[in-house]
$ cat run10.cif   # mmCIF, C-alpha atoms
data_structure
#
loop_
_atom_site.label_atom_id
_atom_site.label_comp_id
_atom_site.auth_asym_id
_atom_site.auth_seq_id
_atom_site.Cartn_x
_atom_site.Cartn_y
_atom_site.Cartn_z
CA MET A 18 19.78 7.13 57.42
CA PHE A 19 18.97 3.77 58.98
CA ASN A 20 18.58 4.78 62.65
CA PHE A 21 15.03 3.42 62.81
CA LEU A 22 16.43 -0.10 62.48
CA PHE A 23 18.43 0.12 65.70
CA GLN A 24 16.09 1.24 68.48
CA ASP A 25 16.50 0.38 72.15
CA ARG A 26 14.56 -2.74 73.06
CA ASN A 27 15.14 -2.66 76.84
CA LYS A 28 11.43 -2.57 77.67
CA GLU A 29 9.20 -4.33 80.15
CA ILE A 30 7.90 -7.81 79.34
CA GLN A 31 4.34 -6.49 79.11
CA SER A 32 5.31 -4.36 76.07
CA LEU A 33 7.36 -7.06 74.31
CA ALA A 34 4.46 -7.99 72.03
CA GLU A 35 4.24 -4.39 70.86
CA VAL A 36 7.98 -4.37 70.14
CA ILE A 37 7.61 -7.53 68.05
CA SER A 38 4.59 -6.16 66.23
CA LEU A 39 6.40 -2.94 65.37
CA ASP A 40 9.55 -4.79 64.27
CA MET A 41 7.62 -7.18 62.04
CA ALA A 42 5.81 -4.23 60.49
CA LYS A 43 9.17 -2.57 59.77
CA VAL A 44 10.54 -5.70 58.17
CA ASN A 45 7.46 -6.19 55.99
CA LEU A 46 7.39 -2.54 54.97
CA SER A 47 11.10 -2.63 54.17
CA LYS A 48 10.67 -5.74 52.01
CA LEU A 49 7.77 -4.12 50.18
CA ALA A 50 9.65 -0.85 49.64
CA ILE A 51 12.81 -2.62 48.41
CA GLU A 52 10.80 -4.77 46.01
CA LYS A 53 8.99 -1.67 44.72
CA ALA A 54 12.25 0.23 44.17
CA MET A 55 13.86 -2.63 42.28
CA LEU A 56 10.77 -3.15 40.14
CA MET A 57 10.60 0.55 39.26
CA ILE A 58 14.16 0.49 37.93
CA ALA A 59 13.81 -2.95 36.32
CA LYS A 60 10.58 -2.04 34.52
CA ALA A 61 12.13 1.18 33.22
CA ILE A 62 14.95 -0.84 31.63
CA ALA A 63 12.60 -3.55 30.38
CA LYS A 64 10.27 -1.02 28.77
CA SER A 65 13.11 0.68 26.92
CA ASP A 66 14.39 -0.64 23.59
CA ILE A 67 17.90 -2.05 23.21
CA LEU A 68 19.26 -0.69 19.92
CA ILE A 69 22.31 -1.80 17.95
CA GLN A 70 23.71 1.17 16.07
CA THR A 71 25.17 -0.54 13.01
CA ASP A 72 24.67 -1.00 9.27
CA ASN A 73 25.29 -4.73 9.57
CA LYS A 74 21.95 -6.48 9.03
CA GLU A 75 23.11 -9.64 10.81
CA LYS A 76 23.85 -7.68 13.96
CA ARG A 77 20.55 -5.82 13.68
CA LYS A 78 18.74 -9.14 13.76
CA GLU A 79 19.98 -9.53 17.32
CA GLU A 80 17.62 -6.74 18.38
CA TYR A 81 14.77 -9.25 18.17
CA ARG A 82 16.44 -11.55 20.69
CA LEU A 83 17.47 -8.67 22.94
CA ASN A 84 14.05 -6.99 22.99
CA ILE A 85 11.31 -9.47 22.07
CA GLN A 86 12.28 -13.07 22.87
CA PRO A 87 15.69 -13.76 24.41
CA ASN A 88 14.86 -17.47 24.58
CA ASP A 89 11.99 -19.81 23.78
CA HIS A 90 10.28 -19.46 27.16
CA GLU A 91 10.67 -15.82 28.21
CA CYS A 92 9.75 -12.51 26.60
CA GLY A 93 12.15 -9.60 26.67
CA THR A 94 10.23 -7.72 29.38
CA VAL A 95 10.29 -10.63 31.83
CA PHE A 96 13.90 -11.49 31.03
CA TRP A 97 15.33 -8.00 31.55
CA THR A 98 13.16 -7.34 34.59
CA GLU A 99 14.65 -10.39 36.31
CA VAL A 100 18.16 -9.48 35.17
CA VAL A 101 17.97 -5.96 36.63
CA LYS A 102 16.36 -7.16 39.88
CA GLU A 103 19.15 -9.70 40.39
CA LEU A 104 21.76 -7.09 39.46
CA LEU A 105 20.44 -4.74 42.15
CA THR A 106 20.22 -7.55 44.70
CA THR A 107 23.45 -9.48 44.16
CA THR A 108 25.47 -6.82 42.24
CA GLU A 109 26.25 -9.18 39.32
CA VAL A 110 24.46 -11.21 36.66
CA VAL A 111 25.85 -13.64 34.09
CA ILE A 112 23.96 -14.10 30.81
CA ILE A 113 24.95 -17.13 28.72
CA PRO A 114 24.40 -16.99 24.92
CA LEU A 115 23.55 -20.45 23.56
CA GLY A 116 22.44 -21.11 20.01
CA GLY A 117 21.60 -17.48 19.37
CA LYS A 118 19.47 -17.29 22.54
CA TYR A 119 20.13 -15.78 25.93
CA TYR A 120 19.79 -17.45 29.32
CA ARG A 121 20.35 -16.12 32.82
CA ALA A 122 22.77 -18.09 35.02
CA SER A 123 21.70 -18.73 38.60
CA SER A 124 25.10 -20.10 39.66
CA TRP A 125 28.56 -20.49 38.18
CA GLN A 126 32.24 -20.94 39.00
CA THR A 127 34.98 -18.77 37.53
CA THR A 128 38.74 -18.57 37.62
CA ASP A 129 40.51 -15.57 39.14
CA SER A 130 42.69 -14.57 36.19
CA VAL A 131 43.56 -10.88 35.90
CA LEU A 132 45.75 -10.51 32.80
CA THR A 133 44.02 -13.19 30.73
CA GLU A 134 40.45 -14.26 30.05
CA ARG A 135 38.61 -16.03 32.83
CA THR A 136 36.87 -19.36 32.41
CA TYR A 137 33.27 -19.94 33.49
CA ARG A 138 32.22 -23.48 34.36
CA ASP A 139 29.71 -25.47 36.46
CA ILE A 140 26.98 -23.17 35.18
CA THR A 141 23.32 -23.57 36.11
CA LEU A 142 20.87 -21.78 33.82
CA THR A 143 17.47 -20.58 35.00
CA CYS A 144 14.59 -20.05 32.59
CA ALA A 145 10.88 -19.56 33.26
CA GLY A 146 11.13 -21.07 36.75
CA TYR A 147 13.25 -24.11 35.84
CA ASP A 148 16.97 -24.80 36.19
CA TYR A 149 19.31 -26.57 33.79
CA SER A 150 22.92 -27.53 34.51
CA THR A 151 25.42 -27.29 31.69
CA TYR A 152 28.94 -28.62 31.88
CA LYS A 153 30.22 -26.58 28.99
CA SER A 154 32.94 -24.02 29.78
CA PHE A 155 32.93 -20.44 28.48
CA ARG A 156 35.57 -17.74 28.21
CA SER A 157 35.00 -14.17 29.38
CA SER A 158 34.46 -13.00 25.82
CA GLU A 159 31.70 -15.61 25.36
CA VAL A 160 29.48 -14.52 28.24
CA ILE A 161 27.72 -11.30 29.21
CA HIS A 162 28.76 -10.53 32.78
CA LEU A 163 26.98 -7.49 34.22
CA ARG A 164 28.39 -5.92 37.39
CA TYR A 165 26.89 -3.07 39.39
CA ASP A 166 27.89 -2.19 42.93
CA ASN A 167 25.88 0.38 44.88
CA ALA A 168 27.20 0.71 48.44
CA ARG A 169 24.06 2.34 49.79
CA ILE A 170 21.82 -0.41 48.43
CA ARG A 171 24.11 -3.07 49.87
CA LEU A 172 24.22 -1.35 53.26
CA TYR A 173 20.45 -1.02 53.40
CA LEU A 174 19.88 -4.67 52.48
CA GLN A 175 22.41 -5.75 55.11
CA ASN A 176 20.62 -3.68 57.75
CA VAL A 177 17.28 -5.22 56.85
CA VAL A 178 18.82 -8.68 57.28
CA GLY A 179 20.09 -7.57 60.69
CA GLN A 180 16.61 -6.41 61.53
CA TYR A 181 15.33 -9.90 60.69
CA ASP A 182 17.74 -11.42 63.22
CA LYS A 183 16.66 -9.04 65.99
CA THR A 184 13.00 -9.60 65.22
CA LEU A 185 13.35 -13.38 65.23
CA GLU A 186 15.15 -13.20 68.58
CA ALA A 187 12.24 -11.23 70.01
CA VAL A 188 9.76 -13.70 68.50
CA ASN A 189 11.62 -16.61 70.13
CA THR A 190 11.45 -14.82 73.47
CA MET A 191 7.73 -14.32 73.05
CA MET A 192 7.25 -18.00 72.16
CA ARG A 193 9.01 -19.05 75.35
CA LEU A 194 6.83 -16.70 77.36
CA SER A 195 3.61 -17.80 75.70
CA SER A 196 4.41 -21.50 76.23
CA GLN A 197 4.35 -20.96 79.99
CA PRO A 198 1.13 -19.40 81.30
CA ARG A 199 1.52 -16.49 83.71
CA PHE A 200 -0.86 -15.74 86.57
CA LYS A 201 -1.21 -12.83 88.92
CA LEU A 202 -2.09 -13.41 92.61
CA LYS A 203 -3.80 -10.53 94.36
CA THR A 204 -3.80 -10.51 98.15
CA GLY A 205 -4.44 -8.05 100.91
CA ASP A 206 -1.73 -6.19 102.80
CA ASN A 207 -1.97 -8.44 105.89
CA GLN A 208 -3.21 -11.57 104.17
CA VAL A 209 -3.07 -14.78 106.21
CA PHE A 210 -2.64 -17.98 104.21
CA ALA A 211 -4.14 -21.22 105.50
CA GLU A 212 -4.49 -24.75 104.16
CA GLU A 213 -7.06 -27.40 104.97
CA LEU A 214 -5.82 -30.72 106.31
CA ASP A 215 -7.32 -34.13 105.65
CA ASP A 216 -9.23 -34.13 108.99
CA GLY A 217 -10.96 -30.86 108.03
CA THR A 218 -8.93 -28.62 110.30
CA LYS A 219 -6.98 -25.61 109.02
CA ARG A 220 -3.48 -24.44 109.74
CA ARG A 221 -1.48 -21.39 108.77
CA THR A 222 1.09 -21.65 105.99
CA THR A 223 3.60 -19.40 104.30
CA ARG A 224 3.00 -17.45 101.11
CA SER A 225 5.56 -19.50 99.15
CA LYS A 226 3.97 -22.82 100.17
CA TYR A 227 0.56 -21.48 99.24
CA LEU A 228 1.88 -20.53 95.77
CA GLU A 229 3.43 -23.98 95.35
CA LYS A 230 0.08 -25.56 96.08
CA ILE A 231 -1.65 -23.39 93.48
CA LYS A 232 1.05 -24.24 90.96
CA ARG A 233 0.52 -27.98 91.49
CA LEU A 234 -3.20 -27.51 91.01
CA LEU A 235 -2.67 -25.55 87.76
CA GLU A 236 -0.31 -28.18 86.38
CA SER A 237 -2.63 -31.06 87.21
CA ASP A 238 -4.45 -32.86 84.38
CA GLU A 239 -7.45 -33.65 86.58
CA LEU A 240 -10.68 -31.69 86.69
CA LEU A 241 -10.37 -29.40 89.67
CA VAL A 242 -12.44 -26.82 91.48
CA PHE A 243 -10.44 -23.99 92.99
CA PRO A 244 -11.71 -22.90 96.40
CA GLU A 245 -12.02 -19.14 96.69
CA SER A 246 -10.29 -17.66 99.71
CA THR A 247 -11.25 -14.38 101.28
CA GLY A 248 -8.96 -11.59 100.06
CA VAL A 249 -7.17 -13.82 97.52
CA THR A 250 -7.73 -13.52 93.74
CA LEU A 251 -5.94 -15.43 90.98
CA GLU A 252 -5.96 -13.83 87.51
CA SER A 253 -4.43 -14.88 84.20
CA MET A 254 -1.92 -12.42 82.71
CA GLN A 255 -2.35 -11.52 79.03
CA ILE A 256 0.16 -9.65 76.88
CA THR A 257 -1.61 -7.32 74.50
CA THR A 258 -0.39 -5.13 71.66
CA ASN A 259 -1.83 -2.02 70.15
CA VAL A 260 -0.17 -0.58 67.04
CA LYS A 261 -1.96 2.51 65.82
CA ALA A 262 -2.60 3.09 62.12
CA GLU A 263 -0.98 6.53 62.30
CA GLU A 264 2.25 4.99 63.58
CA LEU A 265 2.34 2.48 60.72
CA ALA A 266 1.61 5.22 58.16
CA LYS A 267 4.41 7.38 59.54
CA MET A 268 6.75 4.38 59.62
CA ALA A 269 5.84 3.45 56.03
CA LEU A 270 6.62 6.97 54.79
CA GLN A 271 9.95 6.98 56.62
CA ILE A 272 10.93 3.61 55.21
CA ASN A 273 9.81 4.57 51.69
CA ASN A 274 11.94 7.72 51.77
CA GLU A 275 14.99 5.84 53.05
CA VAL A 276 14.63 3.13 50.40
CA ALA A 277 14.16 5.77 47.71
CA ASN A 278 17.37 7.51 48.82
CA ALA A 279 19.24 4.21 48.87
CA PHE A 280 18.24 3.49 45.26
CA ASP A 281 18.69 7.12 44.09
CA ILE A 282 14.99 7.42 43.31
CA PRO A 283 13.38 10.85 43.90
CA GLU A 284 10.96 10.65 46.81
CA ALA A 285 8.21 12.29 44.74
CA VAL A 286 8.44 9.51 42.14
CA PHE A 287 8.61 6.74 44.73
CA ASN A 288 5.63 8.04 46.73
CA GLY A 289 3.61 9.10 43.67
CA ASN A 290 3.61 12.83 44.47
CA ILE A 291 4.67 14.11 41.05
CA THR A 292 3.33 17.52 40.05
CA GLU A 293 2.90 18.87 36.54
CA LYS A 294 5.97 21.09 36.83
CA SER A 295 8.11 18.48 38.55
CA ASP A 296 11.29 17.13 36.93
CA ALA A 297 11.21 14.09 39.22
CA THR A 298 10.71 11.65 36.35
CA ASN A 299 13.77 12.98 34.53
CA GLU A 300 15.75 12.79 37.78
CA PHE A 301 14.58 9.20 38.25
CA ILE A 302 15.88 8.30 34.78
CA THR A 303 19.12 10.24 35.30
CA TYR A 304 20.13 9.02 38.75
CA ALA A 305 18.40 5.65 39.24
CA VAL A 306 17.94 4.11 35.78
CA SER A 307 20.79 5.52 33.67
CA PRO A 308 23.62 3.95 35.75
CA ILE A 309 22.08 0.51 35.22
CA ALA A 310 21.51 1.26 31.53
CA GLU A 311 25.16 2.30 31.10
CA VAL A 312 26.32 -1.00 32.58
CA ILE A 313 24.14 -2.87 30.07
CA ASN A 314 25.30 -0.57 27.23
CA ASP A 315 28.99 -1.12 27.90
CA THR A 316 28.72 -4.87 28.51
CA LEU A 317 26.56 -5.58 25.45
CA THR A 318 28.73 -3.33 23.26
CA ALA A 319 31.83 -5.24 24.34
CA TYR A 320 30.14 -8.57 23.59
CA LYS A 321 28.16 -7.76 20.44
CA ILE A 322 30.37 -5.12 18.76
CA GLY A 323 33.95 -5.60 19.87
CA ILE A 324 36.82 -3.18 19.80
CA ASN A 325 37.40 -3.23 16.04
CA ASP A 326 33.89 -2.32 14.89
CA TYR A 327 33.52 0.14 17.76
CA CYS A 328 36.63 2.05 16.69
CA LYS A 329 36.23 1.79 12.90
CA GLU A 330 32.47 1.84 12.37
CA LYS A 331 31.44 3.69 15.54
CA GLU A 332 29.03 0.87 16.32
CA LYS A 333 27.58 0.39 19.77
CA VAL A 334 24.63 -0.99 21.75
CA MET A 335 22.41 1.32 23.77
CA VAL A 336 19.32 1.11 25.96
CA TRP A 337 17.06 3.79 24.52
CA LEU A 338 15.51 5.26 27.67
CA ALA A 339 13.51 7.80 25.67
CA ARG A 340 10.92 5.07 25.06
CA PHE A 341 10.31 4.73 28.81
CA LYS A 342 8.90 8.22 29.32
CA HIS A 343 5.40 8.84 28.00
CA VAL A 344 5.20 11.58 25.36
CA ASP A 345 1.88 13.36 24.73
CA VAL A 346 1.93 14.16 21.01
CA VAL A 347 -0.56 17.02 21.44
CA ASP A 348 1.43 18.76 24.18
CA SER A 349 4.69 18.09 22.32
CA ALA A 350 3.47 19.06 18.84
CA VAL A 351 5.53 22.26 18.67
CA ASN A 352 8.73 20.53 19.74
CA LEU A 353 8.14 17.62 17.36
CA ASP A 354 7.65 20.13 14.54
CA LYS A 355 11.03 21.63 15.37
CA LEU A 356 12.62 18.18 15.06
CA ARG A 357 11.10 17.90 11.60
CA GLY A 358 12.55 21.29 10.75
CA ILE A 359 16.12 20.29 11.60
CA GLY A 360 16.18 17.13 9.52
CA PHE A 361 14.35 14.33 11.38
CA ASN A 362 12.02 12.36 9.11
CA TYR A 363 8.47 11.35 10.01
CA ASP A 364 9.37 7.74 10.84
CA GLU A 365 12.05 8.82 13.31
CA ILE A 366 9.64 11.18 15.03
CA ARG A 367 6.87 8.56 15.13
CA GLU A 368 9.30 6.06 16.64
CA MET A 369 10.18 8.52 19.42
CA VAL A 370 6.54 8.76 20.52
CA GLY A 371 5.84 5.05 20.13
CA TYR A 372 3.80 5.23 16.94
CA PRO A 373 4.18 2.55 14.25
CA LEU A 374 6.51 3.36 11.36
CA LEU A 375 5.04 4.09 7.93
CA ASN A 376 8.13 2.89 6.01
CA THR A 377 7.20 4.92 2.95
CA GLU A 378 9.28 7.15 0.74
CA PHE A 379 7.38 10.15 2.07
CA SER A 380 7.87 9.24 5.75
CA GLN A 381 11.60 8.66 5.31
CA ALA A 382 12.29 11.85 3.39
CA ARG A 383 14.12 14.67 5.16
CA ALA A 384 13.31 18.33 4.78
CA LEU A 385 15.42 21.09 6.32
CA THR A 386 13.18 24.11 6.83
CA LYS A 387 15.69 26.21 8.78
CA ASN A 388 19.08 27.54 7.80
CA TYR A 389 21.66 26.61 10.41
CA GLY A 390 24.66 27.12 8.15
CA GLU A 391 27.55 29.34 9.14
CA GLU A 392 27.74 32.93 7.93
CA ASP A 393 29.02 33.33 4.33
CA ASN A 394 28.71 29.57 3.80
CA SER A 395 27.42 29.00 0.27
CA ASN A 396 26.62 25.35 1.12
CA ALA A 397 24.32 26.30 3.96
CA ALA A 398 20.91 24.61 3.90
CA GLN A 399 18.23 26.75 2.31
CA GLU A 400 14.65 27.03 3.39
CA THR A 401 12.25 24.88 1.45
#
$ encode --input "run10.cif" --output "structure tokens"
Amino acid sequence: MFNFLFQDRNKEIQSLAEVISLDMAKVNLSKLAIEKAMLMIAKAIAKSDILIQTDNKEKRKEEYRLNIQPNDHECGTVFWTEVVKELLTTTEVVIIPLGGKYYRASSWQTTDSVLTERTYRDITLTCAGYDYSTYKSFRSSEVIHLRYDNARIRLYLQNVVGQYDKTLEAVNTMMRLSSQPRFKLKTGDNQVFAEELDDGTKRRTTRSKYLEKIKRLLESDELLVFPESTGVTLESMQITTNVKAEELAKMALQINNEVANAFDIPEAVFNGNITEKSDATNEFITYAVSPIAEVINDTLTAYKIGINDYCKEKEKVMVWLARFKHVDVVDSAVNLDKLRGIGFNYDEIREMVGYPLLNTEFSQARALTKNYGEEDNSNAAQET
């Protein structure tokens, strides 16, 4: 998948600038593509609502902190976008609850216990661009520790770092070359070199001595006039580069597709080539976003609900990804009508499409208009 990162660089010095230019373009395009992929997944999570399925009003109040304002300085969209980006980059994120608010930890130390709870200490919190060190210790049950390991993402990021090293090595080579001017001496096939003595006479000299004399003249700080000899021409060598736009476009498409595959994003979604009949958006949610959402679901359920309420009350926390995908109410009118017919009330349907709730007796009433009872079942729902 990543063969383009490891091309042969055994080329002539004259083409070294082109190698550097191509390598730098690859690095920049890779950084852009990786950032785009992470933002696509992070924004999908941030746009979705985090719901707490419970009848406990105190727990439901936590939805405000989880969705709207986790802390005093960040909104929910910014907070969860940064959390998911860090999760994709470093494979783990620690969120510290303090005073009913949530803060992302930029660094921490933890014990290595396996059979008992671990202790988190030496924690540095980051919030709205500022850091704050806290010396308070926390147990595992008191923090929200998200972990997500994607081998393909890690491999791709490692290869990009390796590409940086190779590119910087080439840049250093170019800097050494550019710091020492290069000249090209053109002479005839049977060129005779001569030098003028102090008394005005001339004598023959070797080619190497003639070059040494020119070198001393070039290195001199004095204002000099170079005498022009018959059949001898001195020219400055320049290293030029020429990267065609078609090559960069082809390279960009190749990198975009490889990054999309690394992050499990359909290429059509990543490159913006979605057709009306395409299921690429659903595949993006299924393969790229849902695994991250499940990690958040499980971790928040363990922290907010606990094993007792999960088993007894069937309570849980979930990232409602249905809010991420745009729903056209006109195109979906028939399907929405079917939801009404099987028992969904108007408020539930309006919430699905992002409309404000009415919160009236009429909008919360349920009306079954279809009979889905079993045969010979006297308690089957009747048509209204």
$ closest_residue --input "run10.cif" --among "A:Lys78, A:Arg171, A:Lys153, A:His162" --to "Arg121 in chain A" --atoms "all atoms listed in the file"
A:His162
$ resolve_selection --input "run10.cif" --expression "the PyMOL selection byres ((chain A and resi 275-278) around 12)" --output "PyMOL selection string"
chain A and resi 18-22+46-55+57-58+167-174+176-177+268-274+279-289+301+304-305
$ residues_around --input "run10.cif" --residues "Thr94 in chain A" --least-positions-apart "2" --cutoff "10 Å" --atoms "all atoms listed in the file" --output "list in words"
Ala59, Lys60, Ala61, Ile62, Ala63, Lys64, Ser65, Leu83, Asn84, Ile85, Gln86, Pro87, Glu91, Cys92, Phe96, Trp97, Thr98, Glu99 and Val100 of chain A
$ atom_distance --input "run10.cif" --atom1 "CA of Tyr149 in chain A" --atom2 "CA of Glu109 in chain A"
19.5 Å
$ residues_around --input "run10.cif" --residues "range 308-317 of chain A" --least-positions-apart "6" --cutoff "9 Å" --atoms "only C-alpha atoms" --output "PyMOL selection string"
chain A and resi 58+62+67+101+104-105+161-165+302+333-338
$ build_atoms --input "run10.cif" --residues "range 299-319 of chain A" --atoms "N, CA and C atoms" --output "CSV table (one decimal), in the frame of the given file"
chain,number,residue,atom,x,y,z
A,299,ASN,N,12.5,12.8,35.2
A,299,ASN,CA,13.8,13.0,34.5
A,299,ASN,C,14.9,12.7,35.5
A,300,GLU,N,14.7,13.1,36.8
A,300,GLU,CA,15.8,12.8,37.8
A,300,GLU,C,15.8,11.3,38.1
A,301,PHE,N,14.6,10.6,38.1
A,301,PHE,CA,14.6,9.2,38.2
A,301,PHE,C,15.4,8.5,37.2
A,302,ILE,N,15.2,8.9,35.9
A,302,ILE,CA,15.9,8.3,34.8
A,302,ILE,C,17.4,8.6,34.9
A,303,THR,N,17.7,9.8,35.3
A,303,THR,CA,19.1,10.2,35.3
A,303,THR,C,19.9,9.5,36.4
A,304,TYR,N,19.4,9.5,37.6
A,304,TYR,CA,20.1,9.0,38.8
A,304,TYR,C,19.9,7.6,39.1
A,305,ALA,N,18.7,7.0,38.8
A,305,ALA,CA,18.4,5.6,39.2
A,305,ALA,C,18.5,4.7,38.1
A,306,VAL,N,18.0,5.1,36.9
A,306,VAL,CA,17.9,4.1,35.8
A,306,VAL,C,19.2,4.2,34.9
A,307,SER,N,19.7,5.4,34.6
A,307,SER,CA,20.8,5.5,33.7
A,307,SER,C,22.0,4.8,34.1
A,308,PRO,N,22.4,4.7,35.4
A,308,PRO,CA,23.6,4.0,35.8
A,308,PRO,C,23.5,2.5,35.4
A,309,ILE,N,22.3,1.9,35.6
A,309,ILE,CA,22.1,0.5,35.2
A,309,ILE,C,22.1,0.4,33.7
A,310,ALA,N,21.5,1.3,33.0
A,310,ALA,CA,21.5,1.3,31.5
A,310,ALA,C,22.9,1.4,31.0
A,311,GLU,N,23.8,2.2,31.6
A,311,GLU,CA,25.2,2.3,31.1
A,311,GLU,C,25.9,1.0,31.3
A,312,VAL,N,25.7,0.3,32.4
A,312,VAL,CA,26.3,-1.0,32.6
A,312,VAL,C,25.9,-2.0,31.5
A,313,ILE,N,24.6,-2.0,31.1
A,313,ILE,CA,24.1,-2.9,30.1
A,313,ILE,C,24.7,-2.4,28.7
A,314,ASN,N,24.7,-1.1,28.5
A,314,ASN,CA,25.3,-0.6,27.2
A,314,ASN,C,26.7,-1.0,27.0
A,315,ASP,N,27.6,-0.8,28.0
A,315,ASP,CA,29.0,-1.1,27.9
A,315,ASP,C,29.2,-2.6,27.7
A,316,THR,N,28.5,-3.4,28.5
A,316,THR,CA,28.7,-4.9,28.5
A,316,THR,C,28.2,-5.5,27.2
A,317,LEU,N,27.1,-5.1,26.7
A,317,LEU,CA,26.6,-5.6,25.4
A,317,LEU,C,27.4,-5.1,24.3
A,318,THR,N,27.9,-3.8,24.3
A,318,THR,CA,28.7,-3.3,23.3
A,318,THR,C,30.0,-4.1,23.2
A,319,ALA,N,30.6,-4.4,24.3
A,319,ALA,CA,31.8,-5.2,24.3
A,319,ALA,C,31.6,-6.6,23.8
